[in-house]
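Following: one structure in structure tokens, then a few remarks.
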Amino acid sequence: MWEQWRQRVLVRFWAPTPAVVAAGVLSAYYFGLTGTFWAVTGEFTRWGGHLLQLAGLHPETWGYFQVIGLQGLPWDRVDGWVVFGMFAGALAAALLAENVKLRRVRHGRRLVQALVGGMLAGFGARLAMGCNLAAFFTGIPQFSLHAWVFTIGTALGTYLGVKLVLQPWLRGDARAERVRATAVVGEEPAPSRARRWQPGLGVLVGAGFALVALVVATGQPKLGIAGLFGLAFGVLIERGQICFTSAFRDLWVTGRATMAKALVLGMAASAIGTAAFMQLGVAPKVFWLSPGAAIGGLLFGLGIVIAGGCETGWMYRSMEGQVHFWVVGVGNILGATLLAWAWDALGLYAALVAPWPKVYLVEQFGWLGGLLITYGLLLAAYLFLAWWEARTTYHGLQAVAVPAPQLREGVVHGR
Amino acid sequence: MAALEALAELPPGAVLEVITDCPQSVNSIPLEAPRHGYELLAQHQDGPTLRFYIRVPDRA
């Protein structure tokens, strides 16, 4: 009884759609409670800034850090606590499933890919003032038009990225071998005992962080709440294997739109709640509708496909032990910090961002207008995705409709 | 993609066993197999290792 529950909830992965919708709902509450949206790259840029401060520089005087702020240290900031929570939640969830394993890369060139892709993604995201979260998943529910432009840029960037990574010299080399196996397909092999210490550690990490966050909340409520929400976000993205990169990329590789549709539903769940909090006075986060958003999206999309994952992806995959994504994370921080420098030093802000307006749909079209436009665009996106998925398969072969396999006792095990 | 390409070369009735330590596969393989005309027989998860058994249907 307990074992069945443990397998279903703690071990087997969760269906992504409910996990994404839950994240969407939580994002709305997070905004209401902390006054900011669920975001990570802004904080990563600050971490880059702190490293520069350690090296004796003064990035807090730079224009970019005037915009996003660089006061205090990560544990003084809401954004810092949500990031810590995400790492803790993802690690705890992976440990509870005995899924932490040092996953090394097989070819050195993957690490180069990870670094280059990560840097492109970090740079592009910060040019647009956010990544798959702040400029997309939590950006669209802020009714900021720039997020839609970023999304289109990302779609295009991922398309180009797919063209690149499917080139023969970048492809993987997994080969099928013929074996004469007599395993009974339906039988579960005896579970290995090698990782049985992991769930206990998972409980410690999860409960320990929650306790720390609660203690912090007694003195500084928003920080503690951010930590707890971060914990929940981390658990959701790890258990559901939520992959924003896959949402875009797999449209172009095989036509699969499951994750993309889930994200649309998640944003739909989030937007009305976010709007409610805005009506009560929480200030919206609106950014420039600019070439910066478009180009940033393009670079971001390209980078995440090259890297194989985006900003939230590297966070939970690094906790699973995937070495490749440690490098993506480093690349992200480097790329974001580079953008913070280039914002003034290369005149990017002046050329690509400053002359453009911040378009808040509610200001332009009123509450009803803003909601109708947002939900209308989300509906249009969903319909497009459904149509696209039905007509597209890997290599463009026509999709064959096959009914779901019959679940027969003792033969098919699964989620 | 590797699984789909291997399946494309297998004869009817053959079963492909995919062994992976990539957790992302739970969101791709079980969905792509039926989308491309194959039958997912079973999916096992043992710690970090996932195994999928996919069968090429008999010729109609």
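Chain labels run A, B, ... following the order of the structure tokens; each chain numbers its residues from 1, and ligands are numbered from 1 in the order shown.
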Compile the contact shell of range 41-55 of chain B as a PyMOL selection string: residues with an atom at most 6 Å away, counting only C-alpha atoms, same-chain residues fewer than 2 positions apart removed.
(chain A and resi 98-99+191+412-414) or (chain B and resi 14-21+38-39)
Selection: 10 Å around Ala8 in chain B, only C-alpha atoms, excl. self and same-chain fewer than 5 positions, as a list in words:
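The neighbour list is Ala2, Ala3, His36, Tyr38 and Val56 of chain B.
Remark: for chain B, the closest of the candidate residues A:Ala55, A:Leu166, A:Ala147, A:Leu298 is A:Leu166 (distances computed over only C-alpha atoms).
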For a quick check of understanding, using only C-alpha atoms, which of A:Tyr64, A:Phe229, A:Trp288, A:Phe209 has the smallest distance to Val78 in chain A?
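Of A:Tyr64, A:Phe229, A:Trp288, A:Phe209, the one nearest Val78 in chain A is A:Phe229, counting only C-alpha atoms.
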Mind the document's chain letters and residue numbers, and return as a PyMOL selection string the residues of range 43-196 of chain A that DSSP labels alpha helix (DSSP H).
chain A and resi 43-54+63-68+78-96+108-127+145-165
In terms of only C-alpha atoms, the residue from A:Phe277, A:Phe244, A:Tyr360, A:Tyr29 at minimal distance from chain B is A:Phe244
Surrounding residues of Lys163 in chain A excluding itself and chain neighbours under 3 positions, 12 Å, only C-alpha atoms, as a list in words:
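Here the qualifying residues turn out to be Leu156, Gly157, Thr158, Tyr159, Leu160, Leu166, Gln167, Pro168, Leu170, Arg171, Arg249, Asp250, Trp252, Val253, Leu302, Val305 and Ile306 of chain A.
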Please save C-alpha atoms of the selected residues as a short mmCIF file (atom, residue, chain, number, x, y, z; two decimals), in the first residue's frame.
data_model
loop_
_atom_site.label_atom_id
_atom_site.label_comp_id
_atom_site.auth_asym_id
_atom_site.auth_seq_id
_atom_site.Cartn_x
_atom_site.Cartn_y
_atom_site.Cartn_z
CA LEU A 156 12.43 30.94 -34.57
CA GLY A 157 15.67 30.50 -32.66
CA THR A 158 14.81 26.95 -31.69
CA TYR A 159 13.93 26.16 -35.30
CA LEU A 160 17.35 27.34 -36.42
CA LEU A 166 20.62 17.67 -36.54
CA GLN A 167 23.69 18.12 -38.71
CA PRO A 168 25.58 14.82 -38.95
CA LEU A 170 26.65 17.08 -34.14
CA ARG A 171 24.40 14.04 -33.97
CA ARG A 249 12.40 22.19 -30.04
CA ASP A 250 10.32 19.04 -30.40
CA TRP A 252 10.53 21.08 -35.11
CA VAL A 253 12.08 17.63 -34.56
CA LEU A 302 19.24 28.97 -30.53
CA VAL A 305 18.68 23.85 -28.39
CA ILE A 306 22.46 23.81 -28.71
#
Within 7 Å of range 138-144 of chain A, counting only C-alpha atoms, which residues show up once you throw out same-chain ones fewer than 5 positions away? Write them as a PyMOL selection string, please.
chain A and resi 37-38+133+267+270-271+274+284-287+359-362+370
Same residues, N, CA and C atoms, output as an mmCIF file, in the first residue's frame:
data_model
loop_
_atom_site.group_PDB
_atom_site.id
_atom_site.type_symbol
_atom_site.label_atom_id
_atom_site.label_comp_id
_atom_site.auth_asym_id
_atom_site.auth_seq_id
_atom_site.Cartn_x
_atom_site.Cartn_y
_atom_site.Cartn_z
ATOM 1 N N PHE A 37 7.690 38.265 -10.116
ATOM 2 C CA PHE A 37 7.339 37.036 -10.829
ATOM 3 C C PHE A 37 8.440 36.001 -10.663
ATOM 4 N N TRP A 38 8.041 34.714 -10.836
ATOM 5 C CA TRP A 38 8.969 33.597 -10.756
ATOM 6 C C TRP A 38 9.984 33.785 -11.888
ATOM 7 N N LEU A 133 11.123 31.752 -18.225
ATOM 8 C CA LEU A 133 10.199 32.108 -17.164
ATOM 9 C C LEU A 133 9.771 33.564 -17.305
ATOM 10 N N MET A 267 0.053 28.866 -18.510
ATOM 11 C CA MET A 267 -0.044 30.326 -18.569
ATOM 12 C C MET A 267 -1.491 30.785 -18.453
ATOM 13 N N SER A 270 -2.392 30.787 -14.971
ATOM 14 C CA SER A 270 -1.710 31.818 -14.201
ATOM 15 C C SER A 270 -2.239 33.223 -14.460
ATOM 16 N N ALA A 271 -2.626 33.495 -15.711
ATOM 17 C CA ALA A 271 -2.888 34.882 -16.101
ATOM 18 C C ALA A 271 -4.032 35.520 -15.320
ATOM 19 N N THR A 274 -2.922 36.290 -11.819
ATOM 20 C CA THR A 274 -1.993 37.418 -11.835
ATOM 21 C C THR A 274 -2.762 38.723 -12.018
ATOM 22 N N PRO A 284 2.621 45.536 -11.999
ATOM 23 C CA PRO A 284 3.025 44.616 -13.054
ATOM 24 C C PRO A 284 4.479 44.839 -13.439
ATOM 25 N N LYS A 285 5.097 43.801 -14.011
ATOM 26 C CA LYS A 285 6.464 43.897 -14.488
ATOM 27 C C LYS A 285 6.427 43.896 -16.011
ATOM 28 N N VAL A 286 6.573 45.064 -16.555
ATOM 29 C CA VAL A 286 6.445 45.237 -17.999
ATOM 30 C C VAL A 286 7.774 45.719 -18.543
ATOM 31 N N PHE A 287 8.205 45.140 -19.669
ATOM 32 C CA PHE A 287 9.479 45.544 -20.239
ATOM 33 C C PHE A 287 9.336 45.979 -21.688
ATOM 34 N N VAL A 359 4.996 48.098 -23.313
ATOM 35 C CA VAL A 359 3.578 47.997 -23.648
ATOM 36 C C VAL A 359 2.881 47.052 -22.674
ATOM 37 N N TYR A 360 2.054 47.647 -21.826
ATOM 38 C CA TYR A 360 1.282 46.892 -20.833
ATOM 39 C C TYR A 360 -0.126 46.777 -21.405
ATOM 40 N N LEU A 361 -0.521 45.575 -21.740
ATOM 41 C CA LEU A 361 -1.778 45.381 -22.457
ATOM 42 C C LEU A 361 -2.976 45.950 -21.710
ATOM 43 N N VAL A 362 -2.894 45.959 -20.405
ATOM 44 C CA VAL A 362 -4.022 46.466 -19.616
ATOM 45 C C VAL A 362 -4.126 47.976 -19.753
ATOM 46 N N GLY A 370 -7.140 43.477 -22.156
ATOM 47 C CA GLY A 370 -5.886 42.770 -21.891
ATOM 48 C C GLY A 370 -6.110 41.280 -21.700
#
Can you pull out every residue from chain B that DSSP, working from the backbone, puts in strand (DSSP E or B), and format the result as a list in words?
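After running DSSP on the backbone, chain B has strand (DSSP E or B) at Val15, Leu16, Glu17, Val18, Ile19, Thr20, Glu39, Leu40, Leu41, Ala42, Gln43, His44, Gln45, Asp46, Thr49, Leu50, Arg51, Phe52, Tyr53, Ile54 and Arg55 of chain B.
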Could you write out the selected residues, including N, CA and C atoms, as a compact mmCIF listing (two decimals), in the first residue's frame?
# COMPACT_ATOMS: atom_id res chain seq x y z
N VAL B 15 11.10 -6.43 -31.22
CA VAL B 15 10.97 -5.58 -30.04
C VAL B 15 12.29 -4.86 -29.81
N LEU B 16 12.22 -3.56 -29.61
CA LEU B 16 13.41 -2.76 -29.31
C LEU B 16 13.42 -2.45 -27.82
N GLU B 17 14.56 -2.73 -27.19
CA GLU B 17 14.72 -2.36 -25.79
C GLU B 17 15.59 -1.11 -25.75
N VAL B 18 15.06 -0.05 -25.17
CA VAL B 18 15.83 1.20 -25.05
C VAL B 18 16.24 1.35 -23.60
N ILE B 19 17.54 1.44 -23.38
CA ILE B 19 18.06 1.59 -22.02
C ILE B 19 18.68 2.98 -21.91
N THR B 20 18.23 3.74 -20.93
CA THR B 20 18.73 5.11 -20.85
C THR B 20 18.80 5.58 -19.40
N GLU B 39 4.22 0.15 -30.87
CA GLU B 39 3.47 -0.20 -29.67
C GLU B 39 4.42 -0.21 -28.48
N LEU B 40 4.13 0.62 -27.47
CA LEU B 40 4.94 0.61 -26.26
C LEU B 40 4.46 -0.53 -25.38
N LEU B 41 5.30 -1.55 -25.20
CA LEU B 41 4.88 -2.71 -24.43
C LEU B 41 5.01 -2.48 -22.93
N ALA B 42 6.12 -1.90 -22.54
CA ALA B 42 6.37 -1.75 -21.10
C ALA B 42 7.41 -0.66 -20.88
N GLN B 43 7.38 -0.13 -19.67
CA GLN B 43 8.32 0.92 -19.28
C GLN B 43 8.73 0.63 -17.84
N HIS B 44 10.02 0.46 -17.60
CA HIS B 44 10.50 0.17 -16.25
C HIS B 44 11.43 1.26 -15.78
N GLN B 45 11.35 1.55 -14.51
CA GLN B 45 12.22 2.57 -13.94
C GLN B 45 12.91 1.97 -12.72
N ASP B 46 14.23 1.88 -12.76
CA ASP B 46 14.97 1.33 -11.63
C ASP B 46 16.02 2.35 -11.23
N THR B 49 17.84 4.42 -14.00
CA THR B 49 17.83 3.75 -15.30
C THR B 49 16.40 3.50 -15.76
N LEU B 50 16.14 3.85 -16.99
CA LEU B 50 14.83 3.63 -17.59
C LEU B 50 14.97 2.65 -18.74
N ARG B 51 14.01 1.73 -18.83
CA ARG B 51 13.99 0.81 -19.97
C ARG B 51 12.63 0.88 -20.63
N PHE B 52 12.62 0.94 -21.92
CA PHE B 52 11.38 0.94 -22.68
C PHE B 52 11.42 -0.24 -23.63
N TYR B 53 10.28 -0.89 -23.79
CA TYR B 53 10.17 -1.99 -24.74
C TYR B 53 9.14 -1.60 -25.78
N ILE B 54 9.59 -1.52 -27.01
CA ILE B 54 8.74 -1.03 -28.08
C ILE B 54 8.68 -2.08 -29.18
N ARG B 55 7.48 -2.37 -29.62
CA ARG B 55 7.30 -3.43 -30.60
C ARG B 55 6.88 -2.86 -31.94
What is the CA of Leu164 in chain A to CA of Ala342 in chain A distance in Å?
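Distance between the two atoms: 26.2 Å.
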May I ask which of the residues A:Val264, A:Ile304, A:Ala207, A:Met86 is the closest one to Ala232 in chain A, counting only C-alpha atoms?
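The answer is A:Met86, which sits nearest to Ala232 in chain A.
Counting only C-alpha atoms, the residue from B:Gly13, B:Ser25, B:Leu7, B:Gly37 that sits nearest to chain A is B:Gly37.
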